[in-house]
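Everything on this sheet refers to the single structure shown next.
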Amino acid sequence: MFRAISLVSALTLGAAADPSLPGFTDTGAEAQRDLEAEFDRHLDPSDLRAWMHELAGEPHHVGSAHGQRNVETLKRLFTEWGYDTEIASYDVLFPTPRTRRLEMIEPHAFTASLVERSVPGDESSASPDVLPPYNVFSPDGDVTGQLVYVNYGLLEDYEQLDRYGVDVAGKIVIARYGYAFRAIKPKLAAERGAIGCLIYSDPSDDGYVLGEAYPEGPYKNDSAVQRGSIKYTPLYAGDPLTPGWAATANAKRLDIQESKSLATIPTLPISYGDALPLLDAMEGPVAPPEWRGGLPITYRIGPGPATVRLQLAFDWNTVTAQNVIATREGAIWPDQWIIRGNHHDAWSHGARDPVSGLISMLAEAKAISRLKRAPSRTIVFAAWDAEEQGIMGSTEWAEEHRDELVEKAVLYTNTDSMTRGFVRIGGSQALEKFFNAVQRDVIDPQTGLTVEARNRARIRASGDEAANEALEESGALRLPALGSGSDYTAFLHHVGITTANLGIGGEGGGGSYHTLYDTVEHYERFGDPGYMYGVVLAQVSGRATLRMANARLLPFDFTDLVDTVRRYVKELEVLADAERKDVERVNRLIDSGEFAAALDPTKALRAPARRQSVPHFNFAPIHNALAQVEEALEGYAVTPDADDSALAEINHLLFTSERLLTREEGLPRRPWYRHQIYAPGYYTGYGAKTLPWIREAIEHRQYDQVPAGVAVVAATMRALAARIEDISALANQ
């Protein structure tokens, strides 16, 4: 026992031994730490519990009665705490279901229930006001066709189907949730001629294979269904009828048929209870091992003989999304904004998604309002609406205020759903050292370690060689790149604001996501009993907000950014070399006939199609540009002791530096996404693609686009080098 306690103490105290803070003088750092101690004293888990019960007590999707009450509650709270509070409203498209029917007509009759049952011990699961399970932005349709099982419905899955000689044209596909944003599944199916799409949660991914199902445990039971948007946000976020401009009351709007972000084939989510009879009735080739889930059947690809009829009809309504914007003006630099956001709308009760993150933000805002010292920079708290339908509320606000944000926004930090476990932070690499320092000053309530020390332990114990290598190389916790999936999307990818997304998880179990069971009862049993980790999230995010608001010199660091971009380029070089060698090997085996000879002639699986050779690419322009940045950093020495006039200019150059990583023309095929270092994948959606122009050109075999992508990234890095030189010149005056 003594040894374990000593180890915990050493890890905790050793990590927090440095009293300095990036961007502060020694005197300023001492005052800031006193302020943070005062901030911590105002955090009370009982507040979080009370807000959870009030905000998540009833279903509250955008436009709902309880959603309106929550807007009024949030405005009242922020106003009581002394914030200048307003409601920013936008009229957005929000279809709701009129008809949902799924029936199997061959080889025998079966009608899917499409209902989530209430469960003992969870009174909220009996609520009559929950939206039924559906995929918002599915088109209306009445289609009948044979089923084809497409695994997760990814690009590589369709390449595998080609090898089995299975064509989805004229068929209805059934895919399982996972590995990509749900909108990717009907998009890829439609591109291959499918006429409908079903999506279900397999128990191997989110059910009894992982642990006990609800209500005994946190995972999905056989009636649980993941609702969600299938708007194609990798093209652009926000209202589908106002791409690139705000959906204000008098805004120009596209016709629904004009929108390129809406799904084109009827799509419906179902439970694994409803999926089981459909999959069990399928024949055709046995699915490859990696396609087999946790249901007690032999997984087969089809097509058929299972034949289903899918009928969907929607009311294509426009509703008002209401963002609650609360501002506390800065005492010294009021035109420099620290923006902190979390959405308030939900698919059902939304206890975990999003109220768990929202109540931490409220705790942070209340504690900051109680501090005796006003922030030096302006702090803006935002509770966004209509996130669930396609990141609408935040995107419309960012589009409306884009010019002002370009000039004034220093940082955007985002939270969303959370449970107990490990602090998780992704974002702009210029913030890497900053967030490492923040994590060293917050204690994990289960272990007594700092949250930084606990994250280090997680990485070292994971067996993940790449993560361990990255930790050893840098000595710091790396910030993963951000793709999409929450309200940071417009701020980072469209406007070019330095951004971080914060959360906690890993130990609260899954299962409730976008289901009837995202209730207070589920969350308090499994998510964060006692709301301890809600306080931890407020401590981490609150320190980030306060330090960035009060730092005399903004604590951005470009060395980690350069190192990260160099690592991304190395990954591309390895990817291209590996692809080239694999294509040469496979083509050689195809040409010689050995690939076909190695296959069982009695089975359906056949050799793949011959592929285009992968050319050699010249990444030297990026390497040369990175060398320029490194050379500029050699003379970079800026301290918070600089005089006020120089610091004013330096700070402006620092917080607008992320804008240099964007390009007004955006990325190929999707100009709304302007960031050139990371973007949501065109065929992944949530997951980030780094150096996306180049990476996706290689992955999608559009090799002729690589040189242009290399030129753009090189130019971006040269612009950053020039910015660093400008900052150094000001500091050395």
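Please note that chains go A, B, ... in the order of the structure tokens, that every chain numbers its residues from 1, and that ligands are numbered from 1 in the order shown.
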Residues at most 9 Å from Leu278 (chain A), counting only C-alpha atoms, excluding those fewer than 2 positions away in the same chain, as a PyMOL selection string?
chain A and resi 104+110+147+274-276+280-282+306-308
Preceding selection exported with N, CA, C and O atoms as a PDB file, in the first residue's frame:
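Written out: result_1.pdb:
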ATOM      1  N   MET A 104     -40.217  -7.758 -44.380  1.00  0.00           N
ATOM      2  CA  MET A 104     -39.624  -8.755 -45.262  1.00  0.00           C
ATOM      3  C   MET A 104     -40.760  -9.514 -45.926  1.00  0.00           C
ATOM      4  O   MET A 104     -41.686  -9.983 -45.239  1.00  0.00           O
ATOM      5  N   PHE A 110     -42.090 -10.982 -42.346  1.00  0.00           N
ATOM      6  CA  PHE A 110     -41.647 -10.430 -41.057  1.00  0.00           C
ATOM      7  C   PHE A 110     -41.819  -8.917 -41.125  1.00  0.00           C
ATOM      8  O   PHE A 110     -41.445  -8.278 -42.105  1.00  0.00           O
ATOM      9  N   LEU A 147     -31.892  -7.968 -50.222  1.00  0.00           N
ATOM     10  CA  LEU A 147     -30.890  -7.431 -49.310  1.00  0.00           C
ATOM     11  C   LEU A 147     -29.497  -7.891 -49.707  1.00  0.00           C
ATOM     12  O   LEU A 147     -29.293  -9.036 -50.129  1.00  0.00           O
ATOM     13  N   ASP A 274     -34.366  -6.273 -34.734  1.00  0.00           N
ATOM     14  CA  ASP A 274     -35.054  -6.256 -36.024  1.00  0.00           C
ATOM     15  C   ASP A 274     -34.150  -6.717 -37.159  1.00  0.00           C
ATOM     16  O   ASP A 274     -34.627  -7.240 -38.176  1.00  0.00           O
ATOM     17  N   ALA A 275     -32.847  -6.521 -37.028  1.00  0.00           N
ATOM     18  CA  ALA A 275     -31.917  -6.930 -38.084  1.00  0.00           C
ATOM     19  C   ALA A 275     -31.736  -8.439 -38.135  1.00  0.00           C
ATOM     20  O   ALA A 275     -31.507  -9.009 -39.211  1.00  0.00           O
ATOM     21  N   LEU A 276     -31.842  -9.104 -36.982  1.00  0.00           N
ATOM     22  CA  LEU A 276     -31.554 -10.537 -36.907  1.00  0.00           C
ATOM     23  C   LEU A 276     -32.381 -11.377 -37.882  1.00  0.00           C
ATOM     24  O   LEU A 276     -31.810 -12.182 -38.642  1.00  0.00           O
ATOM     25  N   ASP A 280     -30.648 -13.386 -40.973  1.00  0.00           N
ATOM     26  CA  ASP A 280     -30.758 -14.841 -40.881  1.00  0.00           C
ATOM     27  C   ASP A 280     -31.408 -15.442 -42.127  1.00  0.00           C
ATOM     28  O   ASP A 280     -31.181 -16.615 -42.451  1.00  0.00           O
ATOM     29  N   ALA A 281     -32.204 -14.626 -42.827  1.00  0.00           N
ATOM     30  CA  ALA A 281     -32.892 -15.121 -44.027  1.00  0.00           C
ATOM     31  C   ALA A 281     -32.049 -14.977 -45.289  1.00  0.00           C
ATOM     32  O   ALA A 281     -32.491 -15.365 -46.379  1.00  0.00           O
ATOM     33  N   MET A 282     -30.842 -14.440 -45.143  1.00  0.00           N
ATOM     34  CA  MET A 282     -30.005 -14.226 -46.327  1.00  0.00           C
ATOM     35  C   MET A 282     -29.207 -15.473 -46.677  1.00  0.00           C
ATOM     36  O   MET A 282     -28.876 -16.282 -45.809  1.00  0.00           O
ATOM     37  N   ALA A 306     -33.593 -12.945 -49.021  1.00  0.00           N
ATOM     38  CA  ALA A 306     -34.320 -11.982 -48.198  1.00  0.00           C
ATOM     39  C   ALA A 306     -34.640 -10.744 -49.029  1.00  0.00           C
ATOM     40  O   ALA A 306     -33.743 -10.083 -49.559  1.00  0.00           O
ATOM     41  N   THR A 307     -35.923 -10.458 -49.143  1.00  0.00           N
ATOM     42  CA  THR A 307     -36.398  -9.312 -49.913  1.00  0.00           C
ATOM     43  C   THR A 307     -37.265  -8.460 -49.004  1.00  0.00           C
ATOM     44  O   THR A 307     -38.155  -8.978 -48.315  1.00  0.00           O
ATOM     45  N   VAL A 308     -36.983  -7.162 -48.981  1.00  0.00           N
ATOM     46  CA  VAL A 308     -37.704  -6.291 -48.050  1.00  0.00           C
ATOM     47  C   VAL A 308     -38.339  -5.127 -48.792  1.00  0.00           C
ATOM     48  O   VAL A 308     -37.892  -4.722 -49.883  1.00  0.00           O
TER      49      VAL A 308
END
Contacts between region 253-272 of chain A and region 499-572 of chain A, please, where a residue of region 499-572 of chain A counts if it comes within 12 Å (with only C-alpha atoms); show its shortest atom pair and distance in Å to one decimal, rows by chain and ascending number, as CSV.
residue,atom,partner,partner_atom,distance
A:Gly511,CA,A:Ser271,CA,11.7
A:His514,CA,A:Pro269,CA,11.1
A:Thr515,CA,A:Ser271,CA,10.2
A:Leu516,CA,A:Ser271,CA,11.8
Using only C-alpha atoms, which residues sit within 8 Å of region 291-302 of chain A once same-chain residues fewer than 5 positions away are excluded, as a VMD selection string?
chain A and resid 147 to 151 166 202 to 205 209 276 279 to 280 282 to 286
When you look at Arg547 (chain A) with a cut-off of 10 Å (counting only C-alpha atoms), what residues show up, excluding the ones that are within fewer than 3 positions of it in the same chain? I need them as a ChimeraX atom specification.
/A:21-24,29,32-33,35-36,375-376,434,438,541-544,550-552,554-555
Writer output for current selection, N, CA, C and O atoms, as a CSV table (one decimal), in the first residue's frame:
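In the end it all went to again.csv:
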chain,number,residue,atom,x,y,z
A,21,LEU,N,3.8,29.4,-15.8
A,21,LEU,CA,2.7,29.1,-16.8
A,21,LEU,C,3.1,29.7,-18.1
A,21,LEU,O,3.5,30.9,-18.2
A,22,PRO,N,2.9,29.0,-19.2
A,22,PRO,CA,3.2,29.6,-20.5
A,22,PRO,C,2.4,30.9,-20.7
A,22,PRO,O,1.2,30.9,-20.5
A,23,GLY,N,3.1,31.9,-21.1
A,23,GLY,CA,2.4,33.2,-21.4
A,23,GLY,C,2.3,34.2,-20.3
A,23,GLY,O,1.8,35.3,-20.5
A,24,PHE,N,2.7,33.8,-19.1
A,24,PHE,CA,2.6,34.6,-17.9
A,24,PHE,C,4.0,35.0,-17.4
A,24,PHE,O,5.0,34.2,-17.5
A,29,ALA,N,1.9,34.4,-13.1
A,29,ALA,CA,1.6,33.0,-12.9
A,29,ALA,C,1.1,32.7,-11.5
A,29,ALA,O,0.2,32.0,-11.3
A,32,GLN,N,-2.4,33.9,-11.3
A,32,GLN,CA,-3.3,33.1,-12.1
A,32,GLN,C,-3.6,31.8,-11.3
A,32,GLN,O,-4.7,31.3,-11.3
A,33,ARG,N,-2.6,31.2,-10.7
A,33,ARG,CA,-2.8,30.0,-9.9
A,33,ARG,C,-3.7,30.2,-8.7
A,33,ARG,O,-4.6,29.4,-8.4
A,35,LEU,N,-6.1,32.4,-8.8
A,35,LEU,CA,-7.4,32.6,-9.4
A,35,LEU,C,-8.0,31.2,-9.7
A,35,LEU,O,-9.2,31.0,-9.5
A,36,GLU,N,-7.2,30.3,-10.2
A,36,GLU,CA,-7.7,28.9,-10.5
A,36,GLU,C,-8.1,28.2,-9.2
A,36,GLU,O,-9.0,27.4,-9.3
A,375,PRO,N,-11.9,38.8,-16.4
A,375,PRO,CA,-10.9,38.3,-17.4
A,375,PRO,C,-10.3,39.4,-18.2
A,375,PRO,O,-10.9,40.4,-18.5
A,376,SER,N,-9.0,39.2,-18.7
A,376,SER,CA,-8.4,40.2,-19.5
A,376,SER,C,-9.0,40.3,-20.9
A,376,SER,O,-9.1,41.3,-21.5
A,434,PHE,N,0.4,23.8,-24.3
A,434,PHE,CA,-0.5,24.5,-23.5
A,434,PHE,C,-1.4,23.5,-22.7
A,434,PHE,O,-1.6,23.5,-21.5
A,438,VAL,N,-2.0,22.3,-18.8
A,438,VAL,CA,-3.3,22.3,-18.1
A,438,VAL,C,-3.6,20.9,-17.5
A,438,VAL,O,-4.0,20.9,-16.3
A,541,SER,N,-11.3,22.4,-18.8
A,541,SER,CA,-11.7,23.5,-19.7
A,541,SER,C,-11.7,24.8,-19.1
A,541,SER,O,-11.3,25.8,-19.7
A,542,GLY,N,-12.0,25.0,-17.8
A,542,GLY,CA,-12.0,26.3,-17.1
A,542,GLY,C,-10.6,26.8,-17.1
A,542,GLY,O,-10.3,28.0,-17.3
A,543,ARG,N,-9.6,26.0,-16.8
A,543,ARG,CA,-8.2,26.4,-16.8
A,543,ARG,C,-7.8,26.9,-18.2
A,543,ARG,O,-7.1,27.9,-18.4
A,544,ALA,N,-8.2,26.1,-19.2
A,544,ALA,CA,-7.9,26.6,-20.6
A,544,ALA,C,-8.5,27.9,-20.9
A,544,ALA,O,-7.8,28.8,-21.5
A,550,ASN,N,-6.3,35.3,-19.8
A,550,ASN,CA,-5.5,36.2,-19.0
A,550,ASN,C,-4.0,36.2,-19.4
A,550,ASN,O,-3.3,37.1,-18.9
A,551,ALA,N,-3.6,35.3,-20.2
A,551,ALA,CA,-2.1,35.3,-20.6
A,551,ALA,C,-1.7,36.6,-21.2
A,551,ALA,O,-2.4,37.1,-22.1
A,552,ARG,N,-0.6,37.1,-20.7
A,552,ARG,CA,-0.1,38.4,-21.3
A,552,ARG,C,0.4,38.1,-22.7
A,552,ARG,O,0.2,38.9,-23.6
A,554,LEU,N,0.0,35.2,-25.6
A,554,LEU,CA,-0.8,34.1,-25.9
A,554,LEU,C,0.1,32.8,-26.1
A,554,LEU,O,1.1,32.9,-26.8
A,555,PRO,N,-0.2,31.8,-25.4
A,555,PRO,CA,0.7,30.6,-25.3
A,555,PRO,C,0.6,29.6,-26.5
A,555,PRO,O,0.3,28.4,-26.3
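The environment of Asp44 (chain A) within 12 Å, counting only C-alpha atoms and disregarding residues fewer than 5 places along the same chain, consists of A:Phe39, A:Arg49, A:Ala50, A:Trp51, A:Ile359, A:Ser360, A:Leu362, A:Ala363, A:Glu364, A:Lys366, A:Ala367, A:Gly530, A:Tyr531, A:Met532, A:Tyr533, A:Gly534, A:Val535, A:Val536, A:Ala538, A:Gln539.
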